[in-house]
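Undergrad: Structure file coords.txt (compact mmCIF, C-alpha atoms) right here:
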# COMPACT_ATOMS: atom_id res chain seq x y z
CA MET V 6 0.00 0.00 0.00
CA LEU V 7 1.03 3.59 -0.61
CA ILE V 8 0.52 6.06 2.24
CA PRO V 9 1.13 9.82 2.38
CA THR V 10 3.94 11.43 4.33
CA PRO V 11 3.76 13.41 6.53
CA SER V 12 0.74 11.70 8.03
CA TYR V 13 -0.65 9.95 11.08
CA PRO V 14 1.70 7.30 12.58
CA LEU V 15 -1.06 4.74 13.20
CA PHE V 16 -0.77 3.41 9.63
CA ASP V 17 2.55 1.70 10.38
CA PHE V 18 1.16 -0.21 13.35
CA LEU V 19 -2.00 -1.29 11.53
CA ALA V 20 0.00 -2.43 8.51
CA ASP V 21 2.42 -4.47 10.63
CA ILE V 22 -0.48 -6.26 12.34
CA GLN V 23 -1.95 -7.24 8.96
CA ASP V 24 1.41 -8.07 7.29
CA VAL V 25 0.91 -5.25 4.81
CA LYS V 26 3.99 -3.54 3.41
CA LEU V 27 3.93 0.24 3.09
CA ASN V 28 5.59 2.60 0.64
CA ARG V 29 5.32 6.37 1.01
CA TYR V 30 4.47 9.21 -1.32
CA ALA V 31 5.24 12.79 -0.35
CA LEU V 32 3.04 15.75 0.40
CA ILE V 33 5.15 18.79 -0.39
CA TYR V 34 4.67 22.34 0.82
CA ASP V 35 4.86 25.22 -1.64
CA HIS V 36 2.40 28.01 -0.79
CA GLY V 37 0.17 25.23 0.52
CA TRP V 38 0.23 21.44 0.59
CA GLN V 39 0.05 19.29 -2.54
CA ILE V 40 0.71 15.72 -3.62
CA ASP V 41 4.10 15.13 -5.22
CA PHE V 42 2.91 13.08 -8.19
CA HIS V 43 6.40 12.68 -9.60
CA THR V 44 7.63 10.69 -6.61
CA LEU V 45 4.25 8.97 -6.23
CA ALA V 46 4.45 7.50 -9.74
CA GLN V 47 8.03 6.36 -9.13
CA THR V 48 7.04 4.64 -5.88
CA ILE V 49 4.36 2.40 -7.42
CA THR V 50 5.55 -1.18 -7.92
CA PRO V 51 3.89 -4.22 -9.57
CA ARG V 52 2.98 -5.49 -6.08
CA MET V 53 1.10 -2.30 -5.19
CA ARG V 54 -2.57 -2.91 -4.39
CA GLY V 55 -3.84 0.46 -3.22
CA ILE V 56 -3.19 4.13 -2.54
CA ILE V 57 -4.37 5.58 0.77
CA VAL V 58 -5.52 9.20 0.75
CA VAL V 59 -6.34 11.05 4.00
CA HIS V 60 -8.93 13.73 3.16
CA PRO V 61 -8.07 16.06 4.86
CA ASN V 62 -4.65 14.88 5.91
CA ASN V 63 -3.65 14.67 9.55
CA PRO V 64 -1.80 16.80 10.67
CA THR V 65 -1.21 18.98 7.59
CA GLY V 66 -4.90 19.71 6.98
CA HIS V 67 -4.45 19.20 3.21
CA PHE V 68 -7.61 18.42 1.24
CA THR V 69 -7.19 16.46 -1.98
CA LYS V 70 -8.16 18.86 -4.77
CA SER V 71 -10.31 17.84 -7.75
CA ALA V 72 -7.29 18.04 -10.07
CA GLU V 73 -5.30 15.80 -7.70
CA MET V 74 -8.19 13.32 -7.56
CA ALA V 75 -8.20 13.20 -11.38
CA GLN V 76 -4.48 12.43 -11.44
CA LEU V 77 -4.90 9.74 -8.78
CA ASN V 78 -7.68 8.19 -10.86
CA GLN V 79 -5.42 8.06 -13.89
CA LEU V 80 -2.63 6.37 -11.92
CA CYS V 81 -4.96 3.83 -10.30
CA ALA V 82 -6.79 3.01 -13.54
CA ALA V 83 -3.56 2.52 -15.48
CA ARG V 84 -2.13 0.16 -12.84
CA GLN V 85 -5.39 -1.50 -11.71
CA ILE V 86 -5.04 -0.53 -8.06
CA ALA V 87 -7.64 0.69 -5.60
CA MET V 88 -8.02 4.02 -3.84
CA ILE V 89 -8.72 4.07 -0.10
CA ALA V 90 -9.90 7.41 1.30
CA ASP V 91 -9.86 8.13 5.04
CA GLU V 92 -12.39 10.93 5.57
CA VAL V 93 -12.76 11.03 9.36
CA PHE V 94 -11.87 14.76 9.36
CA LEU V 95 -13.98 15.68 6.30
CA ASP V 96 -16.62 17.53 8.37
CA PHE V 97 -13.98 19.78 9.91
CA SER V 98 -13.25 22.06 6.98
CA LEU V 99 -11.81 25.56 7.30
CA LEU V 100 -12.51 26.32 3.64
CA GLN V 101 -15.49 28.34 2.47
CA ASP V 102 -16.81 25.40 0.45
CA ARG V 103 -16.46 21.89 1.84
CA PRO V 104 -14.51 19.68 -0.56
CA ALA V 105 -16.28 16.76 -2.22
CA SER V 106 -16.12 13.29 -0.72
CA PHE V 107 -14.33 10.43 -2.47
CA SER V 108 -17.52 8.39 -2.00
CA GLY V 109 -18.80 9.74 -5.33
CA ASN V 110 -15.67 8.71 -7.22
CA ASP V 111 -16.71 6.19 -9.91
CA GLU V 112 -13.55 6.25 -12.04
CA VAL V 113 -11.67 3.55 -10.10
CA LEU V 114 -12.42 1.16 -7.27
CA THR V 115 -12.67 3.50 -4.28
CA LEU V 116 -13.25 2.65 -0.62
CA THR V 117 -14.23 5.68 1.46
CA MET V 118 -14.16 5.41 5.24
CA SER V 119 -15.41 7.43 8.18
CA GLY V 120 -16.90 6.88 11.62
CA LEU V 121 -18.06 8.29 14.93
CA SER V 122 -14.50 8.49 16.26
CA LYS V 123 -13.96 11.98 14.84
CA ILE V 124 -17.28 13.22 13.44
CA SER V 125 -19.05 12.74 16.79
CA GLY V 126 -16.00 12.76 19.06
CA LEU V 127 -16.73 9.20 20.22
CA PRO V 128 -13.70 6.97 19.56
CA GLN V 129 -14.77 4.57 22.31
CA MET V 130 -18.02 3.67 20.50
CA LYS V 131 -16.23 1.72 17.70
CA PHE V 132 -18.74 2.64 15.01
CA ALA V 133 -17.37 3.13 11.49
CA TRP V 134 -18.46 2.59 7.91
CA LEU V 135 -17.12 2.10 4.41
CA VAL V 136 -18.64 3.27 1.12
CA MET V 137 -17.57 1.55 -2.06
CA SER V 138 -17.72 3.15 -5.50
CA GLY V 139 -16.16 2.53 -8.90
CA PRO V 140 -16.64 0.27 -11.94
CA GLU V 141 -19.45 -2.22 -11.36
CA GLN V 142 -17.46 -5.42 -11.94
CA LEU V 143 -14.66 -4.37 -9.59
CA LYS V 144 -17.20 -3.38 -6.94
CA LYS V 145 -18.91 -6.76 -7.19
CA GLN V 146 -15.63 -8.63 -6.70
CA ALA V 147 -14.52 -6.42 -3.81
CA LEU V 148 -17.90 -6.64 -2.05
CA ALA V 149 -17.77 -10.45 -2.15
CA ARG V 150 -14.40 -10.36 -0.40
CA LEU V 151 -15.53 -7.73 2.08
CA GLU V 152 -18.50 -9.90 2.99
CA VAL V 153 -16.12 -12.67 4.05
CA ILE V 154 -14.03 -10.21 6.06
CA ALA V 155 -17.13 -8.74 7.74
CA ASP V 156 -18.40 -12.22 8.68
CA THR V 157 -15.00 -13.10 10.13
CA TYR V 158 -15.00 -10.25 12.65
CA LEU V 159 -17.59 -9.70 15.38
CA SER V 160 -20.54 -7.51 14.45
CA MET V 161 -21.03 -4.06 15.94
CA ASN V 162 -22.54 -4.40 19.43
CA ALA V 163 -26.28 -3.87 19.80
CA PRO V 164 -26.20 -0.86 22.19
CA VAL V 165 -24.10 1.14 19.72
CA GLN V 166 -26.39 0.18 16.84
CA LEU V 167 -29.47 1.30 18.78
CA ALA V 168 -27.81 4.56 19.86
CA ALA V 169 -26.51 5.37 16.36
CA PRO V 170 -29.32 7.80 15.37
CA VAL V 171 -28.73 9.85 18.54
CA PHE V 172 -24.95 9.86 18.09
CA LEU V 173 -25.27 10.99 14.49
CA GLU V 174 -27.74 13.75 15.36
CA GLN V 175 -25.60 15.05 18.20
CA ARG V 176 -22.56 15.42 15.93
CA HIS V 177 -23.88 18.77 14.67
CA GLY V 178 -23.63 20.46 18.06
CA LEU V 179 -20.23 18.95 18.76
CA GLN V 180 -18.83 20.02 15.39
CA GLN V 181 -20.07 23.61 15.81
CA GLN V 182 -18.44 23.90 19.23
CA LEU V 183 -15.23 22.24 18.12
CA MET V 184 -14.81 24.34 14.97
CA ALA V 185 -15.46 27.51 16.98
CA HIS V 186 -12.47 26.48 19.13
CA VAL V 187 -10.39 25.73 16.05
CA ARG V 188 -11.10 29.06 14.32
CA GLU V 189 -10.58 31.15 17.43
CA ASN V 190 -7.34 29.38 18.32
CA LEU V 191 -6.06 29.63 14.76
CA ALA V 192 -6.76 33.38 14.80
CA GLU V 193 -4.99 33.67 18.16
CA LEU V 194 -2.02 31.75 16.79
CA ASP V 195 -1.79 34.13 13.84
CA ARG V 196 -2.02 37.15 16.15
CA GLN V 197 0.88 35.92 18.25
CA LEU V 198 2.95 34.86 15.25
CA ALA V 199 2.55 38.33 13.74
CA GLY V 200 4.60 39.75 16.60
CA GLN V 201 7.25 37.02 16.53
CA GLY V 202 9.66 36.88 13.62
CA ASN V 203 11.31 33.50 14.25
CA CYS V 204 8.31 31.20 13.85
CA SER V 205 5.51 30.68 11.35
CA ARG V 206 2.69 28.26 10.68
CA LEU V 207 1.97 26.26 7.55
CA ALA V 208 -1.34 26.62 5.71
CA VAL V 209 -4.16 24.42 7.02
CA GLU V 210 -7.46 23.69 5.24
CA GLY V 211 -9.15 21.29 7.64
CA GLY V 212 -8.84 19.16 10.76
CA TRP V 213 -7.84 20.49 14.15
CA TYR V 214 -4.06 20.71 14.13
CA ALA V 215 -1.58 23.41 13.19
CA VAL V 216 1.96 22.78 12.00
CA LEU V 217 4.51 25.28 13.31
CA ARG V 218 7.86 25.97 11.68
CA VAL V 219 10.33 26.98 14.41
CA PRO V 220 14.11 27.51 14.58
CA ALA V 221 15.87 24.13 14.40
CA ILE V 222 18.12 24.87 17.36
CA ARG V 223 17.88 21.24 18.54
CA SER V 224 15.99 18.11 17.54
CA ASP V 225 12.20 18.25 17.64
CA GLU V 226 12.23 15.49 20.26
CA GLU V 227 14.52 17.48 22.57
CA LEU V 228 12.52 20.64 22.00
CA ALA V 229 9.17 18.96 22.77
CA ILE V 230 10.57 17.47 25.99
CA GLU V 231 12.06 20.83 27.01
CA LEU V 232 8.74 22.62 26.42
CA LEU V 233 6.97 20.00 28.53
CA GLU V 234 9.46 19.97 31.39
CA LYS V 235 10.30 23.68 31.60
CA ARG V 236 7.14 25.38 30.31
CA ASP V 237 4.37 22.83 31.01
CA VAL V 238 3.33 22.85 27.34
CA TYR V 239 2.57 19.64 25.44
CA VAL V 240 3.28 19.64 21.71
CA HIS V 241 4.09 16.87 19.23
CA PRO V 242 7.52 16.78 17.58
CA GLY V 243 7.36 16.69 13.80
CA HIS V 244 8.94 13.25 13.51
CA PHE V 245 5.78 11.73 15.07
CA TYR V 246 4.17 12.42 11.69
CA ASP V 247 7.22 11.56 9.59
CA PHE V 248 8.39 15.11 8.96
CA ARG V 249 11.98 14.53 7.88
CA GLN V 250 13.46 17.89 8.95
CA ASP V 251 13.81 19.38 12.43
CA GLY V 252 12.12 22.66 13.29
CA ILE V 253 8.54 21.30 13.09
CA LEU V 254 6.05 21.21 15.97
CA VAL V 255 2.40 20.13 15.80
CA VAL V 256 -0.14 21.76 18.14
CA SER V 257 -3.79 21.01 18.84
CA LEU V 258 -6.37 23.65 17.96
CA ILE V 259 -9.18 22.20 20.09
CA THR V 260 -7.63 23.22 23.41
CA PRO V 261 -9.79 25.71 25.38
CA GLU V 262 -9.01 29.22 24.13
CA SER V 263 -7.50 30.57 27.34
CA VAL V 264 -5.24 27.53 27.73
CA PHE V 265 -4.22 27.68 24.07
CA ARG V 266 -3.41 31.42 24.31
CA GLU V 267 -1.13 30.86 27.30
CA GLY V 268 0.46 27.75 25.82
CA ILE V 269 1.31 29.33 22.45
CA SER V 270 2.71 32.38 24.19
CA SER V 271 4.98 30.10 26.19
CA VAL V 272 6.07 28.13 23.09
CA LEU V 273 6.91 31.27 21.11
CA GLY V 274 8.63 32.74 24.15
CA ALA V 275 11.15 29.92 23.95
CA PHE V 276 12.40 31.38 20.67
CA GLU V 277 12.58 35.04 21.63
CA ILE V 278 15.95 36.64 21.04
CA GLY V 279 17.61 38.40 23.95
Let me see the structure of the file written as structure tokens.
TA:
Amino acid sequence: MLIPTPSYPLFDFLADIQDVKLNRYALIYDHGWQIDFHTLAQTITPRMRGIIVVHPNNPTGHFTKSAEMAQLNQLCAARQIAMIADEVFLDFSLLQDRPASFSGNDEVLTLTMSGLSKISGLPQMKFAWLVMSGPEQLKKQALARLEVIADTYLSMNAPVQLAAPVFLEQRHGLQQQLMAHVRENLAELDRQLAGQGNCSRLAVEGGWYAVLRVPAIRSDEELAIELLEKRDVYVHPGHFYDFRQDGILVVSLITPESVFREGISSVLGAFEIG
């Protein structure tokens, strides 16, 4: 399978459990995030069975654009491989118009996934779903195999099934509250960065993380530990998400506003000159 980098580290653990081998394709940053199709095409091998797309990506917040989806379709169709779209953050868009879901993609075999974990803030409920689209014959073959897989694992428990309509209805209130936090904290981050010349943030289109570019005065691991021990601020070092260079920190935007304001001030204070 092909997975994006930088991205969420859980893929490696899940792949190891299932004896799946992973190759990586790059998301590159140039006035915003984009898929590096040159390296992606070079990474595909005859044993490749699928390309995973995280829409929007975690933690970069990059949504796959319609032009990128068209290029992915061309690659998958030419090599007869599937597309797997993780859309757990799709509802959390910072763009004016919410990007389209991969669930309507009929060009190639496409498996689009989401669940209550993110959209309703209920990871403990273990309620997720998969939508399949694409050419009819490929769908028929894949559904037959998925039926075997579904029968092999235990079904969703009855209490969660019965509570599903309530959980899905309540997601609207949760998402409004959460995105209000995200927008306010992002604005606060920009206000503080405007008065601090050593740090900046990368563009984000969705999700609830911000990627900070800071002076690479030590490794990200050492910096994250120092911020925790000396300033009581918890951030993720960039290497957690497979950023290859130092000078990258990832911060949560769903922290309460007053806590976020104080925490960011403390982080940026670590890079003040003088």
Undergrad: For region 67-83 of chain V, work out the shell of residues within 7 Å, counting all atoms listed in the file and skipping chain neighbours fewer than 2 positions away, then give it as a list in words.
TA: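 That gives Trp38, His60, Pro61, Asn62, Thr65, Gln85, Ile86, Ala87, Glu112, Val113, Val209, Glu210 and Gly211 of chain V.
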Undergrad: Restrict the selected residues to C-alpha atoms and save them as a PDB file, in the frame of the given file.
TA:
ATOM      1  CA  TRP V  38       0.230  21.440   0.590  1.00  0.00           C
ATOM      2  CA  HIS V  60      -8.930  13.730   3.160  1.00  0.00           C
ATOM      3  CA  PRO V  61      -8.070  16.060   4.860  1.00  0.00           C
ATOM      4  CA  ASN V  62      -4.650  14.880   5.910  1.00  0.00           C
ATOM      5  CA  THR V  65      -1.210  18.980   7.590  1.00  0.00           C
ATOM      6  CA  GLN V  85      -5.390  -1.500 -11.710  1.00  0.00           C
ATOM      7  CA  ILE V  86      -5.040  -0.530  -8.060  1.00  0.00           C
ATOM      8  CA  ALA V  87      -7.640   0.690  -5.600  1.00  0.00           C
ATOM      9  CA  GLU V 112     -13.550   6.250 -12.040  1.00  0.00           C
ATOM     10  CA  VAL V 113     -11.670   3.550 -10.100  1.00  0.00           C
ATOM     11  CA  VAL V 209      -4.160  24.420   7.020  1.00  0.00           C
ATOM     12  CA  GLU V 210      -7.460  23.690   5.240  1.00  0.00           C
ATOM     13  CA  GLY V 211      -9.150  21.290   7.640  1.00  0.00           C
TER      14      GLY V 211
END
Undergrad: Given all atoms listed in the file as the basis, pick out the residue of V:Ser108, V:Thr44, V:Asn162, V:Ser270 nearest to Val136 (chain V).
TA: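 Ranking V:Ser108, V:Thr44, V:Asn162, V:Ser270 by distance to Val136 (chain V), first place goes to V:Ser108.
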Undergrad: Considering only C-alpha atoms, state which residue in the set V:Asn190, V:Gln23, V:Gln201, V:Gln166 is at the smallest distance from Val219 (chain V).
TA: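 Answer, going by the shortest atom-to-atom distance: V:Gln201.
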Undergrad: Please determine, counting only C-alpha atoms, which residue among V:Gln47, V:Gln39, V:Ser205, V:Ser271 has the shortest atom-to-atom distance to Leu217 (chain V).
TA: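 Smallest separation from Leu217 (chain V) among the options: V:Ser205.
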Undergrad: Show which residues sit within 10 Å of Lys131 (chain V), as a PyMOL selection string. Count only C-alpha atoms, and ignore same-chain residues fewer than 4 positions away.
TA: chain V and resi 120-122+127+161-162+165
Undergrad: Restricting the calculation to only C-alpha atoms, which member of V:Asp35, V:Asp96, V:Asp102, V:Asp156 is positioned closest to Met184 (chain V)?
TA: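 Checking each of V:Asp35, V:Asp96, V:Asp102, V:Asp156 against Met184 (chain V), counting only C-alpha atoms, the winner is V:Asp96.
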Undergrad: Counting all atoms listed in the file, figure out which residue out of V:Ile40, V:Met137, V:Leu232, V:Met130 gets nearest to Ala163 (chain V).
TA: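 Answer, going by the shortest atom-to-atom distance: V:Met130.
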Undergrad: For Leu27 (chain V), please output as a tab-separated table (two decimals) with C-alpha atoms, in the frame of the given file all residues within 12 Å (counting all atoms listed in the file; exclusion window: fewer than 5 positions along the same chain).
TA:
chain	number	residue	atom	x	y	z
V	6	MET	CA	0.00	0.00	0.00
V	7	LEU	CA	1.03	3.59	-0.61
V	8	ILE	CA	0.52	6.06	2.24
V	9	PRO	CA	1.13	9.82	2.38
V	10	THR	CA	3.94	11.43	4.33
V	16	PHE	CA	-0.77	3.41	9.63
V	17	ASP	CA	2.55	1.70	10.38
V	18	PHE	CA	1.16	-0.21	13.35
V	19	LEU	CA	-2.00	-1.29	11.53
V	20	ALA	CA	0.00	-2.43	8.51
V	21	ASP	CA	2.42	-4.47	10.63
V	48	THR	CA	7.04	4.64	-5.88
V	49	ILE	CA	4.36	2.40	-7.42
V	50	THR	CA	5.55	-1.18	-7.92
V	52	ARG	CA	2.98	-5.49	-6.08
V	53	MET	CA	1.10	-2.30	-5.19
V	54	ARG	CA	-2.57	-2.91	-4.39
V	55	GLY	CA	-3.84	0.46	-3.22
V	56	ILE	CA	-3.19	4.13	-2.54
V	57	ILE	CA	-4.37	5.58	0.77
Undergrad: Can you tell me which residues surround Val93 (chain V) at a distance of at most 12 Å, considering all atoms listed in the file, apart from same-chain residues fewer than 6 positions away, and format the answer as a count of residues only?
TA: 28
Undergrad: Could you tell me how far CA of Met88 (chain V) sits from CA of Val153 (chain V), in Å to one decimal place?
TA: 20.2 Å
Undergrad: Of the candidates V:Gly252, V:Pro164, V:Gly37, V:Gly178, which one gets nearest to Asn203 (chain V) if we count all atoms listed in the file?
TA: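 Comparing V:Gly252, V:Pro164, V:Gly37, V:Gly178 against Asn203 (chain V), the winner is V:Gly252.
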Undergrad: Please provide the set of residues having any atom within 12 Å of Lys235 (chain V), restricted to all atoms listed in the file, with same-chain residues fewer than 5 positions apart removed, written as a PyMOL selection string.
TA: chain V and resi 227-230+271-272+274-275
Undergrad: Within 12 Å of (-7.9, 35.5, 18.3) (file coordinates; all atoms listed in the file), which protein or nucleic acid residues are there? I'd like them as a PyMOL selection string.
TA: chain V and resi 185-199+258+262-263+265-266+269
Undergrad: Could the residues in this selection be saved with C-alpha atoms as a short mmCIF file (atom, residue, chain, number, x, y, z; two decimals), in the frame of the given file?
TA:
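What ended up in out-v4.cif:
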data_model
loop_
_atom_site.label_atom_id
_atom_site.label_comp_id
_atom_site.auth_asym_id
_atom_site.auth_seq_id
_atom_site.Cartn_x
_atom_site.Cartn_y
_atom_site.Cartn_z
CA ALA V 185 -15.46 27.51 16.98
CA HIS V 186 -12.47 26.48 19.13
CA VAL V 187 -10.39 25.73 16.05
CA ARG V 188 -11.10 29.06 14.32
CA GLU V 189 -10.58 31.15 17.43
CA ASN V 190 -7.34 29.38 18.32
CA LEU V 191 -6.06 29.63 14.76
CA ALA V 192 -6.76 33.38 14.80
CA GLU V 193 -4.99 33.67 18.16
CA LEU V 194 -2.02 31.75 16.79
CA ASP V 195 -1.79 34.13 13.84
CA ARG V 196 -2.02 37.15 16.15
CA GLN V 197 0.88 35.92 18.25
CA LEU V 198 2.95 34.86 15.25
CA ALA V 199 2.55 38.33 13.74
CA LEU V 258 -6.37 23.65 17.96
CA GLU V 262 -9.01 29.22 24.13
CA SER V 263 -7.50 30.57 27.34
CA PHE V 265 -4.22 27.68 24.07
CA ARG V 266 -3.41 31.42 24.31
CA ILE V 269 1.31 29.33 22.45
#
Undergrad: What is the CA of Ile222 (chain V)-CA of Asp247 (chain V) distance in Å, reported with one decimal?
TA: 18.9 Å
Undergrad: For a test of reading the model, state the distance in Å between CA of Gly200 (chain V) and CA of Ala221 (chain V), rounded to one decimal.
TA: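 Pair CA of Gly200 (chain V) / CA of Ala221 (chain V) returns 19.4 Å.
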